[in-house]
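Down below is the structure, laid out as structure tokens.
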Amino acid sequence: MDMTSLPQPGAKKLGLVIDLDICVGCHACAVACKEWNTSAYGAPLSDQDPYGGQPEGTWLNRIHSYEVKPEGEPAQLVHFPRSCLHCEDAPCVTVCPTGASYKRGEDGIVLVDESMCMGCGLCAWACPYGAREMDMAEGVMKKCTLCVDRIYNENLPEEDREPACVRTCPAKARHFGDLGDPDSAVSRMVAERDGYDLMPDQATKPVNKYLPPRPKTGCDNGAAPDNLAQLATVEPSGLLGWVDKALAMLE
Amino acid sequence: MHPAVSLLLFTTLSGAGFGLIAWTGLGFGPTGTWFAWLDAFVAGLLVTAGLSASAMHLRRPDRAWRAFSQWRSSWLSREAVLAAATSAVFGAYALIWIFTGARLLPLGIIAALLSAITVYATSMIYTQLRTVPRWATPLTPAVFLAFAAAGGALVLSVLEGGRSSPIAAIALVALVLAWIVKVAWWQRAMKTTRASAGASPEQATGLGNIGAVSRFELPHTGSNYLLREMVFQVARRRARAVTRLAVLFGALVPAVLLLIFLSFAPSPALPVLALVSHFAGLLCERWLFFAEAEHAVGAYYGAR
Ligand code: SF4
Ligand code: SF4
Ligand code: SF4
């Protein structure tokens, strides 16, 4: 079998679109991902020393927060969810020596067949995005499955047939769909908002896209007070005003 | 990258083993049957020890046999297949040598070629990774091949014990060449950053056109697999000291010992000392190869 060669690219490219303008960094998507995937596809997502001093564990989605500082303007805070981008030229797949890592031709999802994985870790080295984590209890490689066991699952109500992270995001910063179809809602969103690839020079051709934060309106339009402290100084009136004056006399 | 002991031993021991197979296959070393035993035994030991060390790196070594299946796409799989093929061909060469006393040069040349391709495949496991810009250069296979040649020649001159063949001189020349290639590798590495591979924090997040990107909060309070494996930092500040040790024990000491051996003191102890010193230096060189290498994912963590 020749699984770790990449398949002929199919028309369907399922993936996520993540809106960095909207994400509030609440980590709900990461928790929902861990919750679903620890009891679904493959081995559970184990934790090591969960109640001890150095807890850690396997997660398929990690939420970073960055400070972005435009020249001469105030810094912005951008929350940044990071997970597998289901790349079209997935280096994690071609390096795998056992055939455990593969990309599906029919929808482009990148998966690990855990029964074949020998835990060498080379695929994690090949991924520029840190999307693969070795499960320390099971000794096999774990990664985002795009909730392959939800999206086609006819036992679930229709509205639940999307990845757990998308289903749970309270801010609606995450979207799931077919990025191979230019007319899909996600593709239109990418076109309208100039969605982009992470680290294009790594030549992985990610399917997932990120939508940039919308430009901030500047502070120099005359509407903003120079000194916020002025706004916080309130002259007390009524009873409080009388007390205030009485106290002032005592000073 | 985390300098796992299993990988340091794998790349150094198997390199020397395949180097020994190559020089033997090309007809170097004495011809006696006793020597055939010794040579085959040591080559087998080095290659087996190296490959066992690499199996120690696996978390499911019971599935290591599956690594023979994906040679069409995977360099790690190719390495496994080639190592087995080289061992088989050299095994046949050694058996014929032991039982008939004949060293079949054509078979030996095939074993030597396969050895070189195996070491090349080993180096390509690292060279292929665009995510580790220090490794992604044709100089990496050159370094691995040159050190395998030097190490193999050194082992053979130790086994030979005297000055009857030119192998000690070859070892000296190979050693000097290997370090010239390594210095070129280091010079390129000093100029190579994550940003040169498109993996600065700005490119990693795609937020560079807004402004400079810096870490505000990490996704997790503890460590994780990624940080341990790919954002290795412990003792990197000792890199300069380790570099000096690598050059001293890997290059200078063995070169001087071989020179003395070749020019006026043919004591069999000298190549032994040269080999021990070289191997210690080579372990330092391999430690640096891993420990100093930055992985693209470090950009997300705002660290190396
Ligand atoms: S994001 Fe990483 S793990 Fe996912 S397909 Fe791309 S290279 Fe592979
Ligand atoms: S860790 Fe498993 S999936 Fe990854 S390259 Fe090794 S065998 Fe393949
Ligand atoms: S759940 Fe939504 S808002 Fe919260 S971190 Fe995830 S993507 Fe961002």
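Chain identifiers are assigned as A, B, and so on, following the order in which chains appear in the structure tokens; residues are numbered from 1 within each chain, and ligands are numbered from 1 in order of appearance.
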Close residues, region 210-221 of chain B itself excluded, 7 Å, only C-alpha atoms, min 2 positions apart in chain, as a PyMOL selection string: (chain A and resi 62-71) or (chain B and resi 201-202+207-208+223+301-302)
As JSON, numbers by chain, please: the residues near region 258-260 of chain B (cut-off 9 Å, only C-alpha atoms, same-chain neighbours under 6 positions excluded). {"B": [168, 169, 171, 172, 266, 270, 271, 274]}
Contacts to ligand 3 at 10 Å cut-off (only C-alpha atoms and all ligand atoms) as a ChimeraX atom specification: /A:17-33,61-65,78-82,164-175
Do you know which residues are within 10 Å of ligand 1 using only C-alpha atoms and all ligand atoms? Can you write them as a VMD selection string? (chain A and resid 82 to 94 101 to 103 108 to 112 123 to 133 142 to 145 198 202 to 208) or (chain B and resid 131)
Calculated over only C-alpha atoms, which of the candidates B:Val89, B:Leu46, B:Ile117, B:Val231 has the smallest distance to chain A? B:Val231
Which chains and residue numbers are within 6 Å of ligand 2, counting only C-alpha atoms and all ligand atoms, if I want them as a PyMOL selection string? chain A and resi 96-98+100-101+112+117-123+140-141
I need the residues of region 7-247 of chain A that end up classed as alpha helix (DSSP H) by DSSP on the backbone, written out as a CSV table (one decimal) with all heavy atoms, in the first residue's frame.
```
chain,number,residue,atom,x,y,z
A,28,ALA,N,-12.7,28.2,24.4
A,28,ALA,CA,-13.8,27.2,24.4
A,28,ALA,C,-13.7,26.2,23.3
A,28,ALA,O,-14.0,25.0,23.5
A,28,ALA,CB,-15.1,28.0,24.3
A,29,CYS,N,-13.1,26.6,22.2
A,29,CYS,CA,-13.0,25.7,21.0
A,29,CYS,C,-12.0,24.6,21.4
A,29,CYS,O,-12.2,23.4,21.0
A,29,CYS,CB,-12.5,26.4,19.8
A,29,CYS,SG,-11.1,27.5,20.0
A,30,ALA,N,-10.9,24.9,22.1
A,30,ALA,CA,-9.9,24.0,22.5
A,30,ALA,C,-10.5,23.0,23.5
A,30,ALA,O,-10.2,21.8,23.4
A,30,ALA,CB,-8.7,24.7,23.0
A,31,VAL,N,-11.3,23.5,24.4
A,31,VAL,CA,-11.9,22.6,25.4
A,31,VAL,C,-12.9,21.7,24.7
A,31,VAL,O,-12.9,20.4,25.0
A,31,VAL,CB,-12.5,23.4,26.5
A,31,VAL,CG1,-13.3,22.5,27.5
A,31,VAL,CG2,-11.5,24.2,27.3
A,32,ALA,N,-13.7,22.2,23.8
A,32,ALA,CA,-14.7,21.4,23.2
A,32,ALA,C,-14.0,20.3,22.3
A,32,ALA,O,-14.4,19.2,22.2
A,32,ALA,CB,-15.6,22.2,22.3
A,33,CYS,N,-12.9,20.7,21.7
A,33,CYS,CA,-12.1,19.7,20.9
A,33,CYS,C,-11.6,18.6,21.7
A,33,CYS,O,-11.7,17.4,21.4
A,33,CYS,CB,-10.9,20.5,20.2
A,33,CYS,SG,-9.6,19.4,19.6
A,34,LYS,N,-11.0,19.0,22.9
A,34,LYS,CA,-10.4,18.0,23.8
A,34,LYS,C,-11.6,17.0,24.2
A,34,LYS,O,-11.4,15.8,24.3
A,34,LYS,CB,-9.8,18.6,25.0
A,34,LYS,CG,-9.2,17.7,26.0
A,34,LYS,CD,-7.7,17.6,25.9
A,34,LYS,CE,-7.2,16.8,27.2
A,34,LYS,NZ,-5.8,16.5,27.0
A,35,GLU,N,-12.7,17.6,24.6
A,35,GLU,CA,-13.8,16.9,25.1
A,35,GLU,C,-14.3,15.8,24.1
A,35,GLU,O,-14.5,14.7,24.4
A,35,GLU,CB,-14.9,17.8,25.5
A,35,GLU,CG,-16.1,17.2,26.3
A,35,GLU,CD,-17.1,16.6,25.4
A,35,GLU,OE1,-17.3,17.0,24.3
A,35,GLU,OE2,-17.8,15.6,25.9
A,36,TRP,N,-14.5,16.3,22.8
A,36,TRP,CA,-15.0,15.4,21.8
A,36,TRP,C,-14.0,14.3,21.5
A,36,TRP,O,-14.3,13.1,21.4
A,36,TRP,CB,-15.4,16.2,20.5
A,36,TRP,CG,-15.9,15.2,19.5
A,36,TRP,CD1,-15.1,14.8,18.4
A,36,TRP,CD2,-17.1,14.6,19.3
A,36,TRP,NE1,-15.8,13.9,17.7
A,36,TRP,CE2,-17.0,13.7,18.2
A,36,TRP,CE3,-18.3,14.6,20.0
A,36,TRP,CZ2,-18.1,12.9,17.8
A,36,TRP,CZ3,-19.4,13.8,19.6
A,36,TRP,CH2,-19.3,13.0,18.5
A,37,ASN,N,-12.8,14.8,21.2
A,37,ASN,CA,-11.8,13.9,20.7
A,37,ASN,C,-11.2,12.9,21.7
A,37,ASN,O,-10.5,11.9,21.3
A,37,ASN,CB,-10.7,14.7,20.0
A,37,ASN,CG,-11.2,15.2,18.6
A,37,ASN,OD1,-11.5,14.4,17.7
A,37,ASN,ND2,-11.3,16.5,18.5
A,91,PRO,N,3.6,18.0,4.2
A,91,PRO,CA,4.9,17.4,4.4
A,91,PRO,C,4.8,16.3,5.5
A,91,PRO,O,5.6,15.3,5.4
A,91,PRO,CB,5.8,18.5,4.8
A,91,PRO,CG,4.9,19.6,5.4
A,91,PRO,CD,3.6,19.4,4.7
A,92,CYS,N,3.9,16.4,6.4
A,92,CYS,CA,3.7,15.4,7.5
A,92,CYS,C,3.3,14.1,6.9
A,92,CYS,O,3.7,13.1,7.5
A,92,CYS,CB,2.6,15.9,8.5
A,92,CYS,SG,1.1,16.2,7.6
A,93,VAL,N,2.6,14.1,5.8
A,93,VAL,CA,2.2,12.8,5.2
A,93,VAL,C,3.3,12.1,4.5
A,93,VAL,O,3.6,10.9,4.7
A,93,VAL,CB,1.0,13.1,4.3
A,93,VAL,CG1,0.7,11.9,3.4
A,93,VAL,CG2,-0.2,13.5,5.1
A,94,THR,N,4.0,12.9,3.7
A,94,THR,CA,5.0,12.2,2.8
A,94,THR,C,6.2,11.7,3.6
A,94,THR,O,6.9,10.8,3.2
A,94,THR,CB,5.5,13.2,1.7
A,94,THR,OG1,5.9,14.4,2.3
A,94,THR,CG2,4.5,13.4,0.7
A,122,LEU,N,8.5,11.9,13.4
A,122,LEU,CA,9.0,12.7,12.2
A,122,LEU,C,8.0,13.6,11.6
A,122,LEU,O,8.3,14.7,11.1
A,122,LEU,CB,9.6,11.7,11.2
A,122,LEU,CG,10.4,12.4,10.1
A,122,LEU,CD1,11.6,13.2,10.6
A,122,LEU,CD2,10.9,11.3,9.1
A,123,CYS,N,6.7,13.2,11.6
A,123,CYS,CA,5.6,14.0,11.0
A,123,CYS,C,5.5,15.3,11.8
A,123,CYS,O,5.2,16.3,11.2
A,123,CYS,CB,4.3,13.2,10.9
A,123,CYS,SG,3.8,12.6,12.6
A,124,ALA,N,5.7,15.2,13.1
A,124,ALA,CA,5.5,16.5,13.9
A,124,ALA,C,6.7,17.4,13.6
A,124,ALA,O,6.5,18.6,13.6
A,124,ALA,CB,5.5,16.1,15.4
A,125,TRP,N,7.9,16.8,13.3
A,125,TRP,CA,9.0,17.7,12.9
A,125,TRP,C,8.7,18.3,11.5
A,125,TRP,O,9.2,19.4,11.3
A,125,TRP,CB,10.3,16.8,12.8
A,125,TRP,CG,10.9,16.4,14.1
A,125,TRP,CD1,10.3,16.4,15.3
A,125,TRP,CD2,12.2,15.8,14.3
A,125,TRP,NE1,11.2,15.9,16.2
A,125,TRP,CE2,12.3,15.5,15.6
A,125,TRP,CE3,13.2,15.5,13.4
A,125,TRP,CZ2,13.5,15.0,16.2
A,125,TRP,CZ3,14.4,14.9,13.9
A,125,TRP,CH2,14.5,14.7,15.3
A,126,ALA,N,8.0,17.6,10.7
A,126,ALA,CA,7.8,18.1,9.3
A,126,ALA,C,6.7,19.2,9.2
A,126,ALA,O,6.7,19.9,8.3
A,126,ALA,CB,7.5,16.9,8.4
A,148,VAL,N,-13.9,14.2,11.8
A,148,VAL,CA,-14.4,13.4,10.7
A,148,VAL,C,-15.5,12.4,11.2
A,148,VAL,O,-16.4,12.0,10.4
A,148,VAL,CB,-13.2,12.5,10.1
A,148,VAL,CG1,-12.7,11.5,11.1
A,148,VAL,CG2,-13.6,11.9,8.8
A,149,ASP,N,-15.6,12.2,12.5
A,149,ASP,CA,-16.6,11.4,13.1
A,149,ASP,C,-17.8,12.2,13.5
A,149,ASP,O,-18.7,11.7,14.2
A,149,ASP,CB,-16.1,10.6,14.3
A,149,ASP,CG,-15.2,11.4,15.2
A,149,ASP,OD1,-15.1,12.6,15.0
A,149,ASP,OD2,-14.5,10.8,16.1
A,150,ARG,N,-17.9,13.5,13.2
A,150,ARG,CA,-19.1,14.3,13.5
A,150,ARG,C,-19.7,14.7,12.1
A,150,ARG,O,-20.9,14.7,12.0
A,150,ARG,CB,-18.7,15.6,14.2
A,150,ARG,CG,-18.4,15.4,15.7
A,150,ARG,CD,-17.9,16.7,16.3
A,150,ARG,NE,-19.1,17.7,16.3
A,150,ARG,CZ,-19.8,17.9,17.4
A,150,ARG,NH1,-19.5,17.2,18.5
A,150,ARG,NH2,-20.8,18.7,17.4
A,151,ILE,N,-18.8,15.2,11.2
A,151,ILE,CA,-19.3,15.9,10.1
A,151,ILE,C,-20.1,15.0,9.1
A,151,ILE,O,-21.0,15.5,8.4
A,151,ILE,CB,-18.2,16.6,9.3
A,151,ILE,CG1,-17.1,15.6,8.8
A,151,ILE,CG2,-17.5,17.7,10.1
A,151,ILE,CD1,-16.0,16.2,8.1
A,164,ALA,N,-16.3,20.1,16.4
A,164,ALA,CA,-16.7,20.6,17.7
A,164,ALA,C,-16.3,22.0,18.0
A,164,ALA,O,-17.1,22.7,18.7
A,164,ALA,CB,-16.1,19.6,18.8
A,165,CYS,N,-15.1,22.4,17.5
A,165,CYS,CA,-14.7,23.8,17.8
A,165,CYS,C,-15.6,24.8,17.2
A,165,CYS,O,-15.9,25.8,17.8
A,165,CYS,CB,-13.2,23.9,17.3
A,165,CYS,SG,-13.1,23.6,15.5
A,166,VAL,N,-16.1,24.5,15.9
A,166,VAL,CA,-16.9,25.4,15.2
A,166,VAL,C,-18.3,25.5,15.9
A,166,VAL,O,-18.8,26.6,16.1
A,166,VAL,CB,-17.1,25.0,13.7
A,166,VAL,CG1,-18.1,25.8,13.0
A,166,VAL,CG2,-15.7,25.0,13.0
A,167,ARG,N,-18.8,24.3,16.3
A,167,ARG,CA,-20.1,24.2,16.9
A,167,ARG,C,-20.1,25.0,18.2
A,167,ARG,O,-21.1,25.6,18.6
A,167,ARG,CB,-20.4,22.7,17.2
A,167,ARG,CG,-21.8,22.5,17.7
A,167,ARG,CD,-22.8,22.5,16.6
A,167,ARG,NE,-24.1,22.3,17.1
A,167,ARG,CZ,-25.0,23.3,17.4
A,167,ARG,NH1,-24.6,24.6,17.2
A,167,ARG,NH2,-26.2,23.1,17.8
A,168,THR,N,-19.0,25.0,18.9
A,168,THR,CA,-19.0,25.6,20.3
A,168,THR,C,-18.6,27.1,20.3
A,168,THR,O,-18.9,27.8,21.3
A,168,THR,CB,-18.0,24.8,21.2
A,168,THR,OG1,-18.6,24.5,22.4
A,168,THR,CG2,-16.7,25.5,21.4
A,185,ALA,N,-19.9,29.2,1.3
A,185,ALA,CA,-20.0,30.4,2.2
A,185,ALA,C,-18.5,30.7,2.7
A,185,ALA,O,-18.1,31.9,2.8
A,185,ALA,CB,-20.9,30.1,3.4
A,186,VAL,N,-17.8,29.6,3.0
A,186,VAL,CA,-16.4,29.9,3.5
A,186,VAL,C,-15.5,30.5,2.4
A,186,VAL,O,-14.8,31.4,2.7
A,186,VAL,CB,-15.8,28.6,4.1
A,186,VAL,CG1,-16.2,28.4,5.5
A,186,VAL,CG2,-16.0,27.4,3.2
A,187,SER,N,-15.6,30.0,1.2
A,187,SER,CA,-14.8,30.6,0.1
A,187,SER,C,-15.2,32.0,-0.1
A,187,SER,O,-14.3,32.8,-0.4
A,187,SER,CB,-15.0,29.8,-1.2
A,187,SER,OG,-14.6,28.5,-1.0
A,188,ARG,N,-16.5,32.3,-0.1
A,188,ARG,CA,-16.9,33.7,-0.3
A,188,ARG,C,-16.3,34.6,0.8
A,188,ARG,O,-15.8,35.7,0.6
A,188,ARG,CB,-18.4,33.8,-0.4
A,188,ARG,CG,-18.9,33.4,-1.7
A,188,ARG,CD,-20.3,33.9,-2.0
A,188,ARG,NE,-21.2,33.7,-0.9
A,188,ARG,CZ,-22.0,32.6,-0.8
A,188,ARG,NH1,-22.0,31.8,-1.8
A,188,ARG,NH2,-22.8,32.4,0.2
A,189,MET,N,-16.4,34.1,2.0
A,189,MET,CA,-15.8,34.9,3.2
A,189,MET,C,-14.3,35.2,3.0
A,189,MET,O,-13.9,36.3,3.2
A,189,MET,CB,-16.0,34.0,4.4
A,189,MET,CG,-16.2,34.7,5.7
A,189,MET,SD,-16.4,33.4,7.0
A,189,MET,CE,-18.0,32.9,6.7
A,190,VAL,N,-13.6,34.1,2.5
A,190,VAL,CA,-12.2,34.3,2.3
A,190,VAL,C,-11.9,35.4,1.2
A,190,VAL,O,-11.0,36.2,1.4
A,190,VAL,CB,-11.5,33.0,1.9
A,190,VAL,CG1,-10.1,33.1,1.5
A,190,VAL,CG2,-11.6,32.0,3.1
A,191,ALA,N,-12.7,35.3,0.2
A,191,ALA,CA,-12.6,36.3,-0.9
A,191,ALA,C,-12.9,37.7,-0.5
A,191,ALA,O,-12.1,38.6,-0.7
A,191,ALA,CB,-13.5,35.9,-2.1
A,192,GLU,N,-14.0,37.9,0.3
A,192,GLU,CA,-14.3,39.2,0.8
A,192,GLU,C,-13.4,39.8,1.8
A,192,GLU,O,-13.1,41.0,1.7
A,192,GLU,CB,-15.7,39.1,1.4
A,192,GLU,CG,-16.9,39.2,0.5
A,192,GLU,CD,-18.2,38.7,1.1
A,192,GLU,OE1,-18.3,38.8,2.4
A,192,GLU,OE2,-19.0,38.2,0.4
A,193,ARG,N,-12.9,39.0,2.6
A,193,ARG,CA,-12.0,39.5,3.7
A,193,ARG,C,-10.5,39.3,3.5
A,193,ARG,O,-9.8,39.5,4.4
A,193,ARG,CB,-12.4,38.8,5.0
A,193,ARG,CG,-13.8,39.1,5.5
A,193,ARG,CD,-13.9,40.4,6.4
A,193,ARG,NE,-12.9,40.4,7.4
A,193,ARG,CZ,-13.1,39.7,8.6
A,193,ARG,NH1,-14.1,39.0,8.8
A,193,ARG,NH2,-12.1,39.8,9.5
A,228,LEU,N,-7.6,60.7,29.7
A,228,LEU,CA,-8.7,60.0,30.1
A,228,LEU,C,-9.0,60.3,31.6
A,228,LEU,O,-10.1,60.1,32.1
A,228,LEU,CB,-8.5,58.5,30.0
A,228,LEU,CG,-8.6,58.0,28.5
A,228,LEU,CD1,-8.3,56.5,28.5
A,228,LEU,CD2,-9.9,58.2,27.9
A,229,ALA,N,-8.0,60.7,32.3
A,229,ALA,CA,-8.2,61.0,33.8
A,229,ALA,C,-9.2,62.1,34.0
A,229,ALA,O,-10.0,62.0,35.0
A,229,ALA,CB,-6.9,61.4,34.4
A,230,GLN,N,-9.3,63.0,33.1
A,230,GLN,CA,-10.3,64.1,33.2
A,230,GLN,C,-11.7,63.5,33.3
A,230,GLN,O,-12.6,63.9,34.1
A,230,GLN,CB,-10.3,65.0,31.9
A,230,GLN,CG,-9.1,65.8,31.9
A,230,GLN,CD,-9.0,66.5,30.5
A,230,GLN,OE1,-9.9,66.3,29.7
A,230,GLN,NE2,-7.9,67.3,30.3
A,231,LEU,N,-12.0,62.5,32.5
A,231,LEU,CA,-13.3,61.9,32.4
A,231,LEU,C,-13.7,61.2,33.8
A,231,LEU,O,-14.8,61.0,34.1
A,231,LEU,CB,-13.4,60.8,31.3
A,231,LEU,CG,-13.3,61.4,29.9
A,231,LEU,CD1,-13.4,60.3,28.9
A,231,LEU,CD2,-14.5,62.4,29.7
A,232,ALA,N,-12.6,60.7,34.4
A,232,ALA,CA,-12.8,60.0,35.7
A,232,ALA,C,-13.0,60.9,36.9
A,232,ALA,O,-13.5,60.5,37.9
A,232,ALA,CB,-11.7,59.0,35.9
A,238,GLY,N,-25.2,66.7,45.8
A,238,GLY,CA,-26.2,66.2,46.8
A,238,GLY,C,-25.5,65.9,48.1
A,238,GLY,O,-24.5,66.6,48.5
A,239,LEU,N,-26.0,64.8,48.8
A,239,LEU,CA,-25.4,64.5,50.1
A,239,LEU,C,-23.9,64.2,50.0
A,239,LEU,O,-23.2,64.7,50.8
A,239,LEU,CB,-26.2,63.2,50.6
A,239,LEU,CG,-25.7,62.7,52.0
A,239,LEU,CD1,-26.0,63.8,53.1
A,239,LEU,CD2,-26.4,61.4,52.3
A,240,LEU,N,-23.6,63.4,48.9
A,240,LEU,CA,-22.1,63.1,48.8
A,240,LEU,C,-21.3,64.4,48.6
A,240,LEU,O,-20.2,64.5,49.2
A,240,LEU,CB,-21.9,62.2,47.5
A,240,LEU,CG,-21.9,60.7,47.8
A,240,LEU,CD1,-21.6,60.0,46.5
A,240,LEU,CD2,-20.9,60.4,48.8
A,241,GLY,N,-21.9,65.4,47.9
A,241,GLY,CA,-21.2,66.6,47.7
A,241,GLY,C,-21.0,67.3,49.1
A,241,GLY,O,-19.9,67.9,49.3
A,242,TRP,N,-22.0,67.3,49.9
A,242,TRP,CA,-21.9,67.9,51.2
A,242,TRP,C,-20.8,67.2,52.1
A,242,TRP,O,-20.0,67.9,52.6
A,242,TRP,CB,-23.3,67.8,52.0
A,242,TRP,CG,-23.2,68.5,53.3
A,242,TRP,CD1,-23.4,69.9,53.5
A,242,TRP,CD2,-23.0,67.9,54.6
A,242,TRP,NE1,-23.3,70.1,54.9
A,242,TRP,CE2,-23.0,68.9,55.5
A,242,TRP,CE3,-22.8,66.6,54.9
A,242,TRP,CZ2,-22.8,68.7,56.9
A,242,TRP,CZ3,-22.6,66.3,56.3
A,242,TRP,CH2,-22.6,67.3,57.3
A,243,VAL,N,-20.8,65.9,52.1
A,243,VAL,CA,-19.8,65.1,52.8
A,243,VAL,C,-18.4,65.5,52.3
A,243,VAL,O,-17.5,65.7,53.0
A,243,VAL,CB,-20.1,63.6,52.7
A,243,VAL,CG1,-18.9,62.8,53.3
A,243,VAL,CG2,-21.4,63.2,53.3
A,244,ASP,N,-18.3,65.5,50.9
A,244,ASP,CA,-17.1,65.8,50.3
A,244,ASP,C,-16.5,67.2,50.8
A,244,ASP,O,-15.4,67.3,51.1
A,244,ASP,CB,-17.2,65.8,48.8
A,244,ASP,CG,-15.9,65.9,48.1
A,244,ASP,OD1,-15.1,65.1,48.3
A,244,ASP,OD2,-15.7,66.9,47.3
A,245,LYS,N,-17.4,68.2,50.8
A,245,LYS,CA,-17.0,69.5,51.2
A,245,LYS,C,-16.6,69.5,52.7
A,245,LYS,O,-15.6,70.1,53.1
A,245,LYS,CB,-18.1,70.5,51.0
A,245,LYS,CG,-18.2,71.0,49.5
A,245,LYS,CD,-19.1,72.2,49.4
A,245,LYS,CE,-19.5,72.4,47.9
A,245,LYS,NZ,-20.8,72.0,47.6
A,246,ALA,N,-17.4,68.8,53.5
A,246,ALA,CA,-17.1,68.7,55.0
A,246,ALA,C,-15.7,68.1,55.2
A,246,ALA,O,-14.9,68.6,56.0
A,246,ALA,CB,-18.2,67.9,55.7
A,247,LEU,N,-15.5,67.0,54.4
A,247,LEU,CA,-14.2,66.4,54.6
A,247,LEU,C,-13.0,67.3,54.1
A,247,LEU,O,-12.0,67.3,54.7
A,247,LEU,CB,-14.1,65.1,53.7
A,247,LEU,CG,-15.0,63.9,54.3
A,247,LEU,CD1,-15.0,62.8,53.3
A,247,LEU,CD2,-14.4,63.5,55.6
```
Interface, chain B side, toward chain A (7 Å; only C-alpha atoms) as a PyMOL selection string: chain B and resi 57-61+63-64+66-67+69-70+73-77+129-131+197-199+203-206+210-219+222-226+296-297
Same residues, C-alpha atoms, saved as an mmCIF file, in the first residue's frame:
```cif
data_model
loop_
_atom_site.group_PDB
_atom_site.id
_atom_site.type_symbol
_atom_site.label_atom_id
_atom_site.label_comp_id
_atom_site.auth_asym_id
_atom_site.auth_seq_id
_atom_site.Cartn_x
_atom_site.Cartn_y
_atom_site.Cartn_z
ATOM 1 C CA HIS B 57 13.590 6.586 19.722
ATOM 2 C CA LEU B 58 10.259 5.014 18.719
ATOM 3 C CA ARG B 59 7.384 4.999 21.150
ATOM 4 C CA ARG B 60 5.915 1.896 19.513
ATOM 5 C CA PRO B 61 9.016 -0.124 18.483
ATOM 6 C CA ARG B 63 5.554 -1.499 14.842
ATOM 7 C CA ALA B 64 9.026 -0.638 13.491
ATOM 8 C CA ARG B 66 6.023 -1.043 9.150
ATOM 9 C CA ALA B 67 8.805 1.452 8.345
ATOM 10 C CA SER B 69 6.577 -0.026 3.572
ATOM 11 C CA GLN B 70 6.671 3.622 2.435
ATOM 12 C CA SER B 73 7.638 8.696 -0.468
ATOM 13 C CA SER B 74 9.487 8.607 2.861
ATOM 14 C CA TRP B 75 13.254 9.034 3.396
ATOM 15 C CA LEU B 76 13.009 7.335 6.779
ATOM 16 C CA SER B 77 11.443 4.320 5.117
ATOM 17 C CA LEU B 129 12.698 19.255 6.625
ATOM 18 C CA ARG B 130 11.956 22.761 5.387
ATOM 19 C CA THR B 131 10.797 23.430 8.948
ATOM 20 C CA ALA B 197 12.658 29.975 5.796
ATOM 21 C CA GLY B 198 9.545 32.131 6.003
ATOM 22 C CA ALA B 199 8.945 31.371 9.663
ATOM 23 C CA GLN B 203 4.949 35.173 8.785
ATOM 24 C CA ALA B 204 3.748 32.484 11.197
ATOM 25 C CA THR B 205 0.718 34.530 12.218
ATOM 26 C CA GLY B 206 0.302 36.474 8.979
ATOM 27 C CA ILE B 210 -0.228 45.308 10.817
ATOM 28 C CA GLY B 211 2.954 45.542 12.847
ATOM 29 C CA ALA B 212 5.625 43.746 14.830
ATOM 30 C CA VAL B 213 4.292 40.557 16.428
ATOM 31 C CA SER B 214 5.328 39.482 19.901
ATOM 32 C CA ARG B 215 4.096 36.876 22.334
ATOM 33 C CA PHE B 216 1.476 38.114 24.774
ATOM 34 C CA GLU B 217 0.270 34.874 26.322
ATOM 35 C CA LEU B 218 1.141 31.242 25.695
ATOM 36 C CA PRO B 219 -1.678 28.776 24.983
ATOM 37 C CA GLY B 222 2.803 23.942 31.416
ATOM 38 C CA SER B 223 5.121 22.415 28.876
ATOM 39 C CA ASN B 224 4.066 20.153 25.997
ATOM 40 C CA TYR B 225 5.449 17.792 23.380
ATOM 41 C CA LEU B 226 6.153 20.618 20.932
ATOM 42 C CA ALA B 296 9.551 26.876 12.515
ATOM 43 C CA VAL B 297 7.013 26.196 15.278
#
```
Test item: residues at most 9 Å from region 106-116 of chain B, only C-alpha atoms, excluding those fewer than 4 positions along its chain, as an MDAnalysis selection string: chainID B and resid 15 17:27 82:83 85:90 92:93 120:121 145 148:149
If DSSP is run on the backbone, what residues of region 34-221 of chain A are strand (DSSP E)? A reply as a ChimeraX atom specification would be ideal. /A:47-48,56-57,62-69,76-82,101-103,110-112,133-134,141-142,174-178,209-211
Separating CA of His278 (chain B) from CA of Ala16 (chain B), to the nearest tenth of an Å, is a gap of 11.0 Å
From CA of Thr243 (chain B) to CA of Ala291 (chain B) the spacing works out at 11.5 Å
Would you mind reading off the distance between CA of Leu45 (chain B) and CA of Leu282 (chain B), one decimal, in Å?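 Taking CA of Leu45 (chain B) and CA of Leu282 (chain B), their separation equals 18.4 Å.
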